[in-house]
file entry_5.cif (mmCIF, C-alpha atoms and all ligand atoms)
data_upload
#
loop_
_atom_site.label_atom_id
_atom_site.label_comp_id
_atom_site.auth_asym_id
_atom_site.auth_seq_id
_atom_site.Cartn_x
_atom_site.Cartn_y
_atom_site.Cartn_z
CA MET A 23 8.09 23.50 0.29
CA LEU A 24 4.32 23.78 -0.08
CA TRP A 25 2.78 20.68 -1.67
CA ASP A 26 -0.70 20.34 -3.19
CA LEU A 27 -1.64 16.67 -3.11
CA PHE A 28 -4.77 15.61 -5.01
CA CYS A 29 -6.60 12.37 -4.19
CA ARG A 30 -9.80 11.03 -5.71
CA VAL A 31 -11.23 8.04 -3.88
CA ILE A 32 -12.25 5.45 -6.49
CA ASP A 33 -13.00 2.61 -4.08
CA ASN A 34 -11.79 0.99 -0.86
CA PHE A 35 -9.04 2.65 1.18
CA GLY A 36 -5.88 2.50 -0.93
CA ASP A 37 -6.28 5.87 -2.67
CA ILE A 38 -6.63 7.87 0.52
CA GLY A 39 -4.31 5.48 2.41
CA VAL A 40 -1.39 6.05 0.05
CA SER A 41 -2.08 9.79 -0.19
CA TRP A 42 -2.20 10.15 3.59
CA ARG A 43 1.04 8.22 4.06
CA LEU A 44 2.79 10.58 1.67
CA ALA A 45 1.23 13.72 3.14
CA ALA A 46 2.13 12.73 6.71
CA GLU A 47 5.68 11.77 5.75
CA LEU A 48 6.22 15.10 3.96
CA GLY A 49 4.82 16.90 7.00
CA ARG A 50 7.16 14.94 9.27
CA ARG A 51 10.06 16.22 7.19
CA GLY A 52 9.02 19.83 7.69
CA HIS A 53 7.02 20.43 4.49
CA GLN A 54 3.58 22.03 4.30
CA VAL A 55 0.92 19.89 2.62
CA ARG A 56 -2.60 20.62 1.38
CA LEU A 57 -4.32 17.29 0.80
CA TRP A 58 -7.28 17.87 -1.53
CA THR A 59 -9.68 14.94 -1.56
CA ASP A 60 -13.26 14.24 -2.60
CA ASP A 61 -13.74 11.81 0.29
CA ALA A 62 -11.85 12.24 3.54
CA SER A 63 -14.21 10.04 5.58
CA ALA A 64 -11.73 7.17 6.16
CA LEU A 65 -9.20 9.58 7.67
CA ALA A 66 -11.40 9.74 10.77
CA TRP A 67 -10.07 6.30 11.79
CA MET A 68 -6.93 6.06 9.64
CA ALA A 69 -5.42 9.27 10.96
CA PRO A 70 -7.55 10.40 13.93
CA THR A 71 -4.93 12.82 15.25
CA GLY A 72 -3.95 14.28 11.88
CA ALA A 73 -0.30 15.08 11.19
CA PRO A 74 1.90 18.16 11.64
CA GLY A 75 2.06 20.32 8.53
CA VAL A 76 -0.89 18.61 6.80
CA ARG A 77 -4.23 20.28 6.04
CA VAL A 78 -7.06 18.22 4.56
CA LEU A 79 -9.24 20.20 2.14
CA GLN A 80 -12.40 19.34 0.26
CA TRP A 81 -11.80 18.80 -3.47
CA THR A 82 -14.24 21.13 -5.22
CA ASP A 83 -15.04 21.57 -8.88
CA PRO A 84 -14.30 24.31 -9.82
CA ALA A 85 -11.33 24.51 -7.46
CA LEU A 86 -11.20 26.88 -4.53
CA ASP A 87 -9.41 30.07 -5.37
CA SER A 88 -5.99 29.27 -3.97
CA ALA A 89 -2.59 29.89 -5.51
CA PRO A 90 -0.76 26.64 -6.30
CA GLY A 91 2.15 25.63 -4.08
CA ASP A 92 5.68 24.63 -5.13
CA VAL A 93 4.72 21.07 -6.03
CA VAL A 94 1.47 19.54 -7.30
CA VAL A 95 1.08 15.78 -6.93
CA GLU A 96 -1.89 14.02 -8.48
CA THR A 97 -2.17 10.49 -7.16
CA PHE A 98 -3.01 7.73 -9.64
CA GLY A 99 -3.70 10.14 -12.51
CA CYS A 100 -6.66 11.73 -10.73
CA ALA A 101 -6.48 14.99 -12.78
CA PRO A 102 -6.69 18.13 -10.60
CA PRO A 103 -9.60 20.50 -11.36
CA ASP A 104 -9.29 22.53 -14.58
CA ALA A 105 -9.39 25.87 -12.77
CA PHE A 106 -6.47 24.79 -10.59
CA LEU A 107 -4.50 23.65 -13.65
CA ALA A 108 -5.20 26.99 -15.33
CA ARG A 109 -3.79 28.78 -12.29
CA MET A 110 -0.71 26.56 -12.37
CA ALA A 111 -0.15 27.67 -15.97
CA GLN A 112 -0.51 31.37 -15.04
CA VAL A 113 1.76 31.75 -11.99
CA ARG A 114 5.28 33.05 -12.54
CA GLN A 115 7.05 30.20 -10.80
CA THR A 116 5.30 27.13 -12.23
CA PRO A 117 4.98 24.29 -9.72
CA VAL A 118 6.60 20.92 -10.39
CA TRP A 119 3.71 18.69 -11.40
CA ILE A 120 3.94 14.97 -10.63
CA ASN A 121 1.65 12.07 -11.41
CA LEU A 122 2.31 9.51 -8.67
CA GLU A 123 1.39 6.21 -10.32
CA TYR A 124 0.25 2.78 -9.12
CA LEU A 125 2.78 0.33 -7.74
CA SER A 126 3.81 -2.55 -9.95
CA ALA A 127 6.85 -4.79 -10.37
CA GLU A 128 6.28 -5.03 -14.14
CA PRO A 129 9.15 -4.00 -16.45
CA TYR A 130 7.29 -0.98 -17.88
CA VAL A 131 7.74 0.75 -14.52
CA GLU A 132 11.51 1.12 -14.91
CA ARG A 133 10.99 2.37 -18.49
CA SER A 134 8.34 4.92 -17.53
CA HIS A 135 9.62 6.25 -14.21
CA GLY A 136 10.62 9.91 -14.48
CA LEU A 137 9.25 10.42 -18.00
CA LEU A 138 7.91 13.79 -19.09
CA SER A 139 4.41 14.38 -20.40
CA PRO A 140 4.28 17.85 -22.01
CA GLN A 141 0.76 19.33 -22.04
CA PHE A 142 -0.22 20.74 -25.43
CA SER A 143 -3.86 21.57 -24.97
CA GLY A 144 -6.53 22.36 -22.39
CA PRO A 145 -6.16 24.48 -19.27
CA ALA A 146 -2.69 23.07 -18.54
CA ALA A 147 -1.27 23.83 -22.02
CA GLY A 148 2.41 24.67 -21.77
CA LEU A 149 2.93 22.84 -18.48
CA LYS A 150 5.09 19.77 -17.92
CA LYS A 151 3.89 16.77 -16.01
CA TRP A 152 6.30 14.10 -14.74
CA PHE A 153 5.52 10.44 -14.15
CA PHE A 154 6.76 9.07 -10.85
CA TYR A 155 6.48 5.30 -10.38
CA PRO A 156 6.92 3.53 -7.07
CA GLY A 157 8.71 0.22 -7.36
CA PHE A 158 10.96 -2.45 -5.96
CA THR A 159 14.20 -1.77 -7.84
CA ALA A 160 16.83 0.98 -7.94
CA ALA A 161 15.56 2.29 -11.30
CA THR A 162 12.13 3.15 -9.82
CA GLY A 163 10.81 5.67 -7.29
CA GLY A 164 11.05 3.14 -4.42
CA LEU A 165 8.57 2.38 -1.67
CA MET A 166 6.93 4.74 0.77
CA SER A 167 7.80 2.63 3.78
CA ALA A 168 11.30 1.36 3.12
CA GLY A 169 13.01 1.64 6.50
CA ALA A 170 9.84 1.38 8.60
CA LEU A 171 10.51 -2.02 10.23
CA ILE A 172 8.72 -2.41 13.58
CA ALA A 173 10.15 -4.53 16.45
CA VAL A 174 8.19 -7.79 16.64
CA ASP A 175 8.42 -8.06 20.44
CA GLN A 176 6.84 -4.66 20.94
CA ALA A 177 4.11 -5.39 18.42
CA ARG A 178 3.43 -8.75 20.10
CA ALA A 179 3.19 -7.15 23.55
CA TRP A 180 0.69 -4.67 22.12
CA ALA A 181 -1.45 -7.43 20.54
CA HIS A 182 -1.46 -9.23 23.88
CA GLU A 183 -2.51 -6.04 25.72
CA MET A 184 -5.33 -5.59 23.21
CA GLY A 185 -6.53 -9.06 24.20
CA TRP A 186 -6.07 -10.46 20.69
CA GLN A 187 -3.58 -13.20 21.57
CA ARG A 188 -4.41 -15.70 24.31
CA ASP A 189 -0.85 -16.91 24.90
CA ALA A 190 2.56 -16.88 23.24
CA GLN A 191 1.93 -20.27 21.57
CA GLU A 192 -1.07 -19.03 19.63
CA GLN A 193 -0.21 -18.03 16.05
CA LEU A 194 -1.50 -14.69 14.79
CA VAL A 195 -2.83 -14.41 11.25
CA THR A 196 -4.13 -11.06 10.02
CA VAL A 197 -6.87 -11.15 7.42
CA PHE A 198 -7.22 -8.07 5.21
CA CYS A 199 -8.09 -9.32 1.74
CA TYR A 200 -10.95 -9.10 -0.75
CA GLN A 201 -13.70 -11.68 -1.01
CA ASN A 202 -11.57 -14.72 -1.84
CA PRO A 203 -12.78 -18.12 -3.11
CA VAL A 204 -9.78 -20.00 -1.72
CA LEU A 205 -10.00 -18.58 1.80
CA PRO A 206 -11.77 -21.70 3.19
CA ALA A 207 -9.12 -24.03 1.72
CA LEU A 208 -6.33 -21.81 3.00
CA LEU A 209 -7.75 -21.89 6.53
CA GLN A 210 -7.78 -25.70 6.33
CA THR A 211 -4.01 -25.63 5.77
CA LEU A 212 -3.58 -23.69 9.04
CA SER A 213 -5.67 -26.15 11.05
CA PRO A 214 -5.24 -27.84 13.54
CA GLN A 215 -2.56 -25.34 14.69
CA ARG A 216 -3.93 -22.87 17.22
CA CYS A 217 -4.40 -19.60 15.35
CA ALA A 218 -6.15 -16.35 16.12
CA LEU A 219 -7.45 -14.85 12.88
CA LEU A 220 -7.26 -11.08 13.36
CA VAL A 221 -9.87 -9.99 10.87
CA ALA A 222 -10.21 -6.43 9.58
CA PRO A 223 -13.64 -5.06 8.66
CA GLY A 224 -14.63 -5.64 5.03
CA PRO A 225 -15.43 -8.36 2.49
CA ALA A 226 -13.18 -11.07 3.95
CA ARG A 227 -14.87 -10.69 7.32
CA ALA A 228 -18.29 -10.95 5.71
CA GLN A 229 -17.09 -14.12 3.97
CA LEU A 230 -15.71 -15.63 7.19
CA GLN A 231 -19.04 -15.06 8.89
CA THR A 232 -20.56 -17.59 6.48
CA LEU A 233 -17.96 -20.30 7.27
CA ASP A 234 -17.45 -22.83 10.04
CA LEU A 235 -13.86 -22.38 11.11
CA PRO A 236 -11.74 -25.55 11.10
CA PRO A 237 -10.38 -26.89 14.45
CA GLY A 238 -7.78 -24.73 16.21
CA LEU A 239 -8.82 -21.47 14.56
CA ARG A 240 -10.72 -18.67 16.23
CA GLN A 241 -11.81 -15.35 14.83
CA VAL A 242 -11.12 -11.96 16.38
CA ASP A 243 -13.02 -9.13 14.72
CA LEU A 244 -10.94 -5.97 14.73
CA PRO A 245 -12.19 -2.39 14.68
CA TYR A 246 -10.81 -0.01 12.05
CA LEU A 247 -7.31 0.89 13.23
CA SER A 248 -5.22 3.99 12.67
CA GLN A 249 -2.49 3.48 10.08
CA ALA A 250 0.11 3.43 12.85
CA ASP A 251 -1.74 0.63 14.65
CA PHE A 252 -2.42 -1.17 11.38
CA ASP A 253 1.36 -1.33 10.85
CA ARG A 254 1.84 -2.75 14.36
CA LEU A 255 -0.81 -5.33 13.58
CA LEU A 256 1.15 -6.48 10.53
CA ALA A 257 4.37 -6.51 12.55
CA CYS A 258 2.97 -8.77 15.27
CA ALA A 259 1.61 -11.45 12.95
CA ASP A 260 3.00 -14.86 11.99
CA LEU A 261 1.25 -14.54 8.65
CA ASN A 262 -0.35 -11.52 6.95
CA LEU A 263 -3.06 -11.79 4.32
CA VAL A 264 -2.98 -8.42 2.59
CA ARG A 265 -4.28 -6.80 -0.59
CA GLY A 266 -4.20 -3.83 -2.96
CA GLU A 267 -1.22 -1.55 -2.62
CA ASP A 268 -0.55 0.03 0.74
CA SER A 269 -1.10 -2.99 3.03
CA PHE A 270 0.95 -5.03 0.52
CA VAL A 271 3.86 -2.59 0.91
CA ARG A 272 3.57 -2.38 4.69
CA ALA A 273 3.57 -6.18 5.03
CA GLN A 274 6.96 -6.12 3.30
CA CYS A 275 8.50 -3.10 4.99
CA CYS A 276 7.13 -3.09 8.57
CA ALA A 277 6.81 -6.81 9.27
CA THR A 278 9.15 -9.79 9.40
CA GLY A 279 6.47 -12.50 9.15
CA PRO A 280 5.55 -14.03 5.78
CA PHE A 281 2.61 -12.61 3.84
CA LEU A 282 0.24 -13.52 1.05
CA TRP A 283 -0.91 -10.78 -1.29
CA GLN A 284 -4.24 -10.66 -3.08
CA ALA A 285 -3.77 -8.26 -6.00
CA TYR A 286 -6.67 -5.90 -6.72
CA PRO A 287 -8.89 -7.95 -9.06
CA GLN A 288 -9.47 -6.22 -12.40
CA HIS A 289 -11.97 -7.09 -15.14
CA ASP A 290 -9.26 -7.54 -17.77
CA GLY A 291 -7.22 -9.90 -15.55
CA ALA A 292 -4.37 -7.39 -15.28
CA GLN A 293 -3.66 -8.67 -11.77
CA GLY A 294 -2.18 -11.89 -13.24
CA PRO A 295 0.94 -10.37 -14.88
CA LYS A 296 1.23 -7.98 -11.92
CA LEU A 297 1.40 -10.89 -9.50
CA GLU A 298 3.88 -12.87 -11.61
CA ALA A 299 6.15 -9.84 -12.04
CA PHE A 300 6.23 -9.34 -8.29
CA LEU A 301 6.97 -13.01 -7.64
CA ASP A 302 9.79 -12.95 -10.19
CA LEU A 303 11.52 -10.23 -8.17
CA TYR A 304 10.57 -11.52 -4.72
CA LEU A 305 11.82 -15.03 -5.46
CA ALA A 306 14.71 -14.14 -7.79
CA ASP A 307 17.39 -15.31 -5.35
CA GLN A 308 15.50 -18.36 -4.11
CA ALA A 309 15.86 -21.94 -5.28
CA PRO A 310 13.26 -24.68 -5.66
CA PRO A 311 11.51 -26.34 -3.95
CA LEU A 312 10.84 -23.42 -1.57
CA ALA A 313 10.53 -20.83 -4.35
CA THR A 314 8.09 -23.08 -6.22
CA GLU A 315 6.02 -23.67 -3.09
CA ILE A 316 5.80 -19.96 -2.29
CA ARG A 317 4.86 -19.10 -5.87
CA ALA A 318 2.15 -21.78 -5.81
CA VAL A 319 0.51 -20.47 -2.66
CA PHE A 320 0.60 -16.84 -3.87
CA ARG A 321 -0.99 -17.99 -7.12
CA ALA A 322 -3.66 -19.95 -5.28
CA PHE A 323 -4.45 -16.94 -3.12
CA ASN A 324 -5.14 -15.07 -6.36
CA ASP A 325 -7.37 -17.82 -7.71
CA ARG A 326 -4.72 -18.94 -10.21
CA GLY A 327 -4.22 -22.51 -9.02
CA SER A 328 -5.30 -24.85 -6.26
CA VAL A 329 -4.30 -24.42 -2.63
CA PRO A 330 -1.50 -26.82 -1.68
CA ASN A 331 -2.14 -29.27 1.20
CA SER A 332 0.31 -27.43 3.41
CA LEU A 333 1.89 -23.98 3.50
CA PRO A 334 5.61 -23.51 2.77
CA GLY A 335 7.77 -24.30 5.85
CA ARG A 336 7.62 -21.27 8.14
CA GLY A 337 11.40 -21.17 8.83
CA GLY A 338 12.31 -21.07 5.15
CA TRP A 339 9.52 -18.66 4.30
CA ARG A 340 10.57 -16.29 7.08
CA ALA A 341 14.13 -16.37 5.75
CA VAL A 342 12.92 -15.45 2.26
CA GLN A 343 10.96 -12.60 3.75
CA ALA A 344 13.97 -11.41 5.79
CA ALA A 345 16.27 -11.44 2.75
CA TRP A 346 13.68 -9.50 0.72
CA GLY A 347 13.17 -7.06 3.59
CA ARG A 348 16.92 -6.36 3.72
CA LYS A 349 16.91 -5.61 -0.01
CA LEU A 350 14.05 -3.15 0.40
CA GLN A 351 15.63 -1.49 3.44
CA ALA A 352 18.74 -0.79 1.36
CA GLN A 353 16.68 1.14 -1.22
CA THR A 354 16.12 4.89 -0.94
CA ASP A 355 12.52 5.38 0.19
CA LEU A 356 9.89 6.98 -2.05
CA CYS A 357 9.51 10.23 -0.14
CA SER A 358 13.27 10.98 -0.23
CA GLN A 359 13.39 10.14 -3.94
CA LEU A 360 10.36 12.30 -4.66
CA ILE A 361 11.81 15.34 -2.87
CA ALA A 362 15.14 14.91 -4.71
CA PHE A 363 13.29 14.55 -8.02
CA VAL A 364 11.34 17.77 -7.42
CA ARG A 365 14.49 19.71 -6.45
CA GLN A 366 16.20 18.53 -9.61
CA LYS A 367 13.25 19.71 -11.75
CA GLN A 368 13.20 23.07 -9.95
CA ALA A 369 16.89 23.70 -10.60
O1 LIG B 401 -8.27 -0.78 0.37
P1 LIG B 401 -7.45 -1.38 -0.71
O2 LIG B 401 -8.05 -2.50 -1.42
O3 LIG B 401 -7.03 -0.26 -1.68
C1 LIG B 401 -6.86 -0.27 -3.03
C2 LIG B 401 -8.02 0.28 -3.72
O4 LIG B 401 -8.78 -0.75 -4.25
C3 LIG B 401 -7.58 1.24 -4.73
O5 LIG B 401 -8.65 1.67 -5.54
C4 LIG B 401 -6.48 0.65 -5.56
O6 LIG B 401 -6.00 1.70 -6.30
C5 LIG B 401 -5.34 0.13 -4.70
O7 LIG B 401 -5.83 -0.74 -3.72
C6 LIG B 401 -4.31 -0.59 -5.50
O8 LIG B 401 -6.03 -1.88 -0.08
P2 LIG B 401 -4.73 -1.08 0.38
O9 LIG B 401 -4.03 -0.47 -0.79
O10 LIG B 401 -3.96 -2.02 1.17
O11 LIG B 401 -5.26 0.11 1.30
C7 LIG B 401 -5.77 -0.07 2.56
C8 LIG B 401 -5.47 1.11 3.43
O12 LIG B 401 -6.26 1.08 4.61
C9 LIG B 401 -4.01 1.14 3.91
O13 LIG B 401 -3.53 2.46 3.90
C10 LIG B 401 -4.11 0.65 5.35
C11 LIG B 401 -5.44 1.21 5.77
N1 LIG B 401 -6.08 0.55 6.91
C12 LIG B 401 -5.90 1.12 8.17
O14 LIG B 401 -5.17 2.10 8.32
N2 LIG B 401 -6.55 0.55 9.23
C13 LIG B 401 -7.37 -0.54 9.12
O15 LIG B 401 -7.93 -1.00 10.13
C14 LIG B 401 -7.52 -1.11 7.81
C15 LIG B 401 -8.39 -2.32 7.65
C16 LIG B 401 -6.87 -0.54 6.73
#
call {"tool": "encode", "arguments": {"input": "entry_5.cif", "output": "structure tokens"}}
result
Amino acid sequence: MLWDLFCRVIDNFGDIGVSWRLAAELGRRGHQVRLWTDDASALAWMAPTGAPGVRVLQWTDPALDSAPGDVVVETFGCAPPDAFLARMAQVRQTPVWINLEYLSAEPYVERSHGLLSPQFSGPAAGLKKWFFYPGFTAATGGLMSAGALIAVDQARAWAHEMGWQRDAQEQLVTVFCYQNPVLPALLQTLSPQRCALLVAPGPARAQLQTLDLPPGLRQVDLPYLSQADFDRLLACADLNLVRGEDSFVRAQCCATGPFLWQAYPQHDGAQGPKLEAFLDLYLADQAPPLATEIRAVFRAFNDRGSVPNSLPGRGGWRAVQAAWGRKLQAQTDLCSQLIAFVRQKQA
């Protein structure tokens, strides 16, 4: 099938990161993809070699004069250009139009996944748009990376080759979060263990530059990595500090080490319920005290409580992560679900 994927970059890297993952995965499965974006700059390092079947095109308003493909996906409600919508309404075989929504574990996701939004006015009048929600349960659209687990040994060997790990005893902690007030306290809980902090470019690195690292910790500043290498980075780590949407998913699907997630901070505090809903699912099968300890440290990392004196025991935390990982692996991945959804709507 020919897919038109629309991506507007609002901030950071998640918008283009998620869109690229989907485009590349569709291409890998033999589909043709036109990825329309208003800012492709991050793809220079995220996807330096491109992907088979995927063409990246500049989003223009009004849209370039091209006939719509079989499927139109707007990521995160980004609203394709009016002229393109008008063309979708005119062609004989109307494309299946999907709004790929943000990831959340909140209950509204199961209620809203797959719902229809008929268009009554404007250039798209008469068209149908379908909501497609990623998620963590069987009643949602699933996760892009379910089934993408990377072998730890290989990832470790790679990190060693890159010169990031001095020896096998040194712990690896990746740091890819937003500016975070509890980061200094969290680093104290790692000390005096020997840890290499593998720090991605961005606000957390800028913050670390202002701190004196506690004993045992050293900082390794990373370059921007391709998405494939970014996944290996997560797979090699003993602990991943991740954020937003895509790195959050990859830390769960590619890696076996524990992670802490900093939800995207929003002015209305919407990240609070989002975090709690995720923890409810993640820890559903776990008993106290471990479940309570893990919840506390996730909350602290989101500035919703103080950082405990020590992190949850690594053995127990790893086991929680492994059990969760197995659950996610058993789910049908997002791309397969999306293709099946489209075929059903075409029938
Ligand atoms: O960058 P993020 O914070 O993205 C966001 C945005 O804020 C977005 O507006 C919001 O909608 C979304 O979160 C919820 O974090 P995220 O989602 O983890 O995206 C980062 C992407 O960058 C991901 O695809 C991985 C990629 N990446 C690399 O490929 N290599 C790198 O070296 C780094 C640092 C990141």
call {"tool": "closest_residue", "arguments": {"input": "entry_5.cif", "among": "A:Val264, A:Val93, A:Val76, A:Leu239", "to": "ligand LIG 401 (chain B)", "atoms": "all atoms listed in the file"}}
result
A:Val264
call {"tool": "closest_atom_pairs", "arguments": {"input": "entry_5.cif", "of": "chain A", "to": "ligand LIG 401 (chain B)", "cutoff": "8 Å", "atoms": "only C-alpha atoms and all ligand atoms", "output": "Markdown table"}}
result
| residue | atom | partner | partner_atom | distance |
| --- | --- | --- | --- | --- |
| A:Val31 | CA | B:LIG401 | O5 | 7.1 |
| A:Ile32 | CA | B:LIG401 | O5 | 5.3 |
| A:Asp33 | CA | B:LIG401 | O5 | 4.7 |
| A:Asn34 | CA | B:LIG401 | O1 | 4.1 |
| A:Phe35 | CA | B:LIG401 | O1 | 3.6 |
| A:Gly36 | CA | B:LIG401 | O3 | 3.1 |
| A:Asp37 | CA | B:LIG401 | C3 | 5.2 |
| A:Ile38 | CA | B:LIG401 | O13 | 7.1 |
| A:Gly39 | CA | B:LIG401 | O13 | 3.5 |
| A:Val40 | CA | B:LIG401 | O13 | 5.7 |
| A:Trp42 | CA | B:LIG401 | O13 | 7.8 |
| A:Arg43 | CA | B:LIG401 | O13 | 7.4 |
| A:Trp67 | CA | B:LIG401 | N2 | 7.2 |
| A:Met68 | CA | B:LIG401 | O14 | 4.5 |
| A:Ala69 | CA | B:LIG401 | O14 | 7.6 |
| A:Phe98 | CA | B:LIG401 | O6 | 7.5 |
| A:Tyr124 | CA | B:LIG401 | C6 | 6.7 |
| A:Leu125 | CA | B:LIG401 | C6 | 7.5 |
| A:Phe198 | CA | B:LIG401 | C15 | 6.4 |
| A:Cys199 | CA | B:LIG401 | O2 | 7.5 |
| A:Tyr200 | CA | B:LIG401 | O2 | 7.2 |
| A:Ala222 | CA | B:LIG401 | C15 | 4.9 |
| A:Pro223 | CA | B:LIG401 | C15 | 6.0 |
| A:Gly224 | CA | B:LIG401 | C15 | 7.5 |
| A:Leu244 | CA | B:LIG401 | O15 | 7.4 |
| A:Pro245 | CA | B:LIG401 | O15 | 6.4 |
| A:Tyr246 | CA | B:LIG401 | O15 | 3.6 |
| A:Leu247 | CA | B:LIG401 | O15 | 3.7 |
| A:Ser248 | CA | B:LIG401 | O14 | 4.7 |
| A:Gln249 | CA | B:LIG401 | O14 | 3.5 |
| A:Ala250 | CA | B:LIG401 | O14 | 7.1 |
| A:Asp251 | CA | B:LIG401 | N2 | 7.2 |
| A:Phe252 | CA | B:LIG401 | N2 | 5.0 |
| A:Asp253 | CA | B:LIG401 | O14 | 7.8 |
| A:Val264 | CA | B:LIG401 | O10 | 6.6 |
| A:Arg265 | CA | B:LIG401 | O10 | 5.1 |
| A:Gly266 | CA | B:LIG401 | O7 | 3.6 |
| A:Glu267 | CA | B:LIG401 | O9 | 3.5 |
| A:Asp268 | CA | B:LIG401 | O9 | 3.8 |
| A:Ser269 | CA | B:LIG401 | O10 | 3.5 |
| A:Phe270 | CA | B:LIG401 | O10 | 5.8 |
| A:Val271 | CA | B:LIG401 | O10 | 7.8 |
| A:Ala285 | CA | B:LIG401 | C6 | 7.7 |
| A:Tyr286 | CA | B:LIG401 | C6 | 5.9 |
call {"tool": "closest_residue", "arguments": {"input": "entry_5.cif", "among": "A:Asp92, A:Glu128, A:Asp234, A:Asp290", "to": "Thr116 in chain A", "atoms": "all atoms listed in the file"}}
result
A:Asp92
call {"tool": "residues_around", "arguments": {"input": "entry_5.cif", "residues": "range 308-317 of chain A", "least_positions_apart": "4", "cutoff": "7 Å", "atoms": "all atoms listed in the file", "output": "compact mmCIF listing (two decimals) with C-alpha atoms, in the frame of the given file"}}
result
# COMPACT_ATOMS: atom_id res chain seq x y z
CA LEU A 301 6.97 -13.01 -7.64
CA ARG A 321 -0.99 -17.99 -7.12
CA PRO A 334 5.61 -23.51 2.77
call {"tool": "residues_around", "arguments": {"input": "entry_5.cif", "residues": "Ala89 in chain A", "least_positions_apart": "4", "cutoff": "9 Å", "atoms": "only C-alpha atoms", "output": "list in words"}}
result
Phe106, Arg109, Met110 and Val113 of chain A
call {"tool": "closest_residue", "arguments": {"input": "entry_5.cif", "among": "A:Leu356, A:Ser167, A:Gln229, A:Leu194", "to": "Gln274 in chain A", "atoms": "only C-alpha atoms"}}
result
A:Ser167
call {"tool": "residues_near_point", "arguments": {"input": "entry_5.cif", "point": "(15.4, -7.3, -4.0)", "cutoff": "7 Å", "atoms": "only C-alpha atoms", "output": "list in words"}}
result
Phe158, Thr159, Leu303, Tyr304, Trp346, Lys349 and Leu350 of chain A
call {"tool": "closest_residue", "arguments": {"input": "entry_5.cif", "among": "A:Leu208, A:Leu297, A:Leu305, A:Ala108", "to": "Ser328 in chain A", "atoms": "all atoms listed in the file"}}
result
A:Leu208
call {"tool": "atom_distance", "arguments": {"input": "entry_5.cif", "atom1": "CA of Ile120 in chain A", "atom2": "CA of Val95 in chain A"}}
result
4.7 Å
call {"tool": "atom_distance", "arguments": {"input": "entry_5.cif", "atom1": "CA of Ala318 in chain A", "atom2": "CA of Ser332 in chain A"}}
result
11.0 Å
call {"tool": "closest_residue", "arguments": {"input": "entry_5.cif", "among": "A:Gln343, A:Thr278, A:Gln359, A:Gln284", "to": "Ala170 in chain A", "atoms": "only C-alpha atoms"}}
result
A:Thr278
call {"tool": "atom_distance", "arguments": {"input": "entry_5.cif", "atom1": "CA of Glu123 in chain A", "atom2": "CA of Val342 in chain A"}}
result
27.6 Å
call {"tool": "build_atoms", "arguments": {"input": "entry_5.cif", "residues": "range 124-136 of chain A", "atoms": "N, CA and C atoms", "output": "mmCIF file, in the frame of the given file"}}
result
data_model
loop_
_atom_site.group_PDB
_atom_site.id
_atom_site.type_symbol
_atom_site.label_atom_id
_atom_site.label_comp_id
_atom_site.auth_asym_id
_atom_site.auth_seq_id
_atom_site.Cartn_x
_atom_site.Cartn_y
_atom_site.Cartn_z
ATOM 1 N N TYR A 124 0.468 4.024 -9.867
ATOM 2 C CA TYR A 124 0.250 2.780 -9.120
ATOM 3 C C TYR A 124 1.560 2.000 -8.994
ATOM 4 N N LEU A 125 1.611 1.192 -7.957
ATOM 5 C CA LEU A 125 2.780 0.330 -7.740
ATOM 6 C C LEU A 125 2.663 -0.925 -8.588
ATOM 7 N N SER A 126 3.753 -1.276 -9.240
ATOM 8 C CA SER A 126 3.810 -2.550 -9.950
ATOM 9 C C SER A 126 5.268 -2.957 -10.078
ATOM 10 N N ALA A 127 5.483 -4.280 -10.158
ATOM 11 C CA ALA A 127 6.850 -4.790 -10.370
ATOM 12 C C ALA A 127 7.097 -5.062 -11.854
ATOM 13 N N GLU A 128 6.136 -4.722 -12.709
ATOM 14 C CA GLU A 128 6.280 -5.030 -14.140
ATOM 15 C C GLU A 128 7.364 -4.152 -14.776
ATOM 16 N N PRO A 129 7.997 -4.690 -15.843
ATOM 17 C CA PRO A 129 9.150 -4.000 -16.450
ATOM 18 C C PRO A 129 8.846 -2.592 -16.968
ATOM 19 N N TYR A 130 7.583 -2.313 -17.342
ATOM 20 C CA TYR A 130 7.290 -0.980 -17.880
ATOM 21 C C TYR A 130 7.551 0.127 -16.848
ATOM 22 N N VAL A 131 7.554 -0.256 -15.573
ATOM 23 C CA VAL A 131 7.740 0.750 -14.520
ATOM 24 C C VAL A 131 9.122 1.390 -14.619
ATOM 25 N N GLU A 132 10.149 0.567 -14.787
ATOM 26 C CA GLU A 132 11.510 1.120 -14.910
ATOM 27 C C GLU A 132 11.610 1.993 -16.163
ATOM 28 N N ARG A 133 10.928 1.587 -17.225
ATOM 29 C CA ARG A 133 10.990 2.370 -18.490
ATOM 30 C C ARG A 133 10.268 3.705 -18.355
ATOM 31 N N SER A 134 9.198 3.729 -17.555
ATOM 32 C CA SER A 134 8.340 4.920 -17.530
ATOM 33 C C SER A 134 8.644 5.877 -16.379
ATOM 34 N N HIS A 135 9.359 5.398 -15.376
ATOM 35 C CA HIS A 135 9.620 6.250 -14.210
ATOM 36 C C HIS A 135 10.416 7.501 -14.624
ATOM 37 N N GLY A 136 9.908 8.653 -14.215
ATOM 38 C CA GLY A 136 10.620 9.910 -14.480
ATOM 39 C C GLY A 136 10.370 10.505 -15.855
#
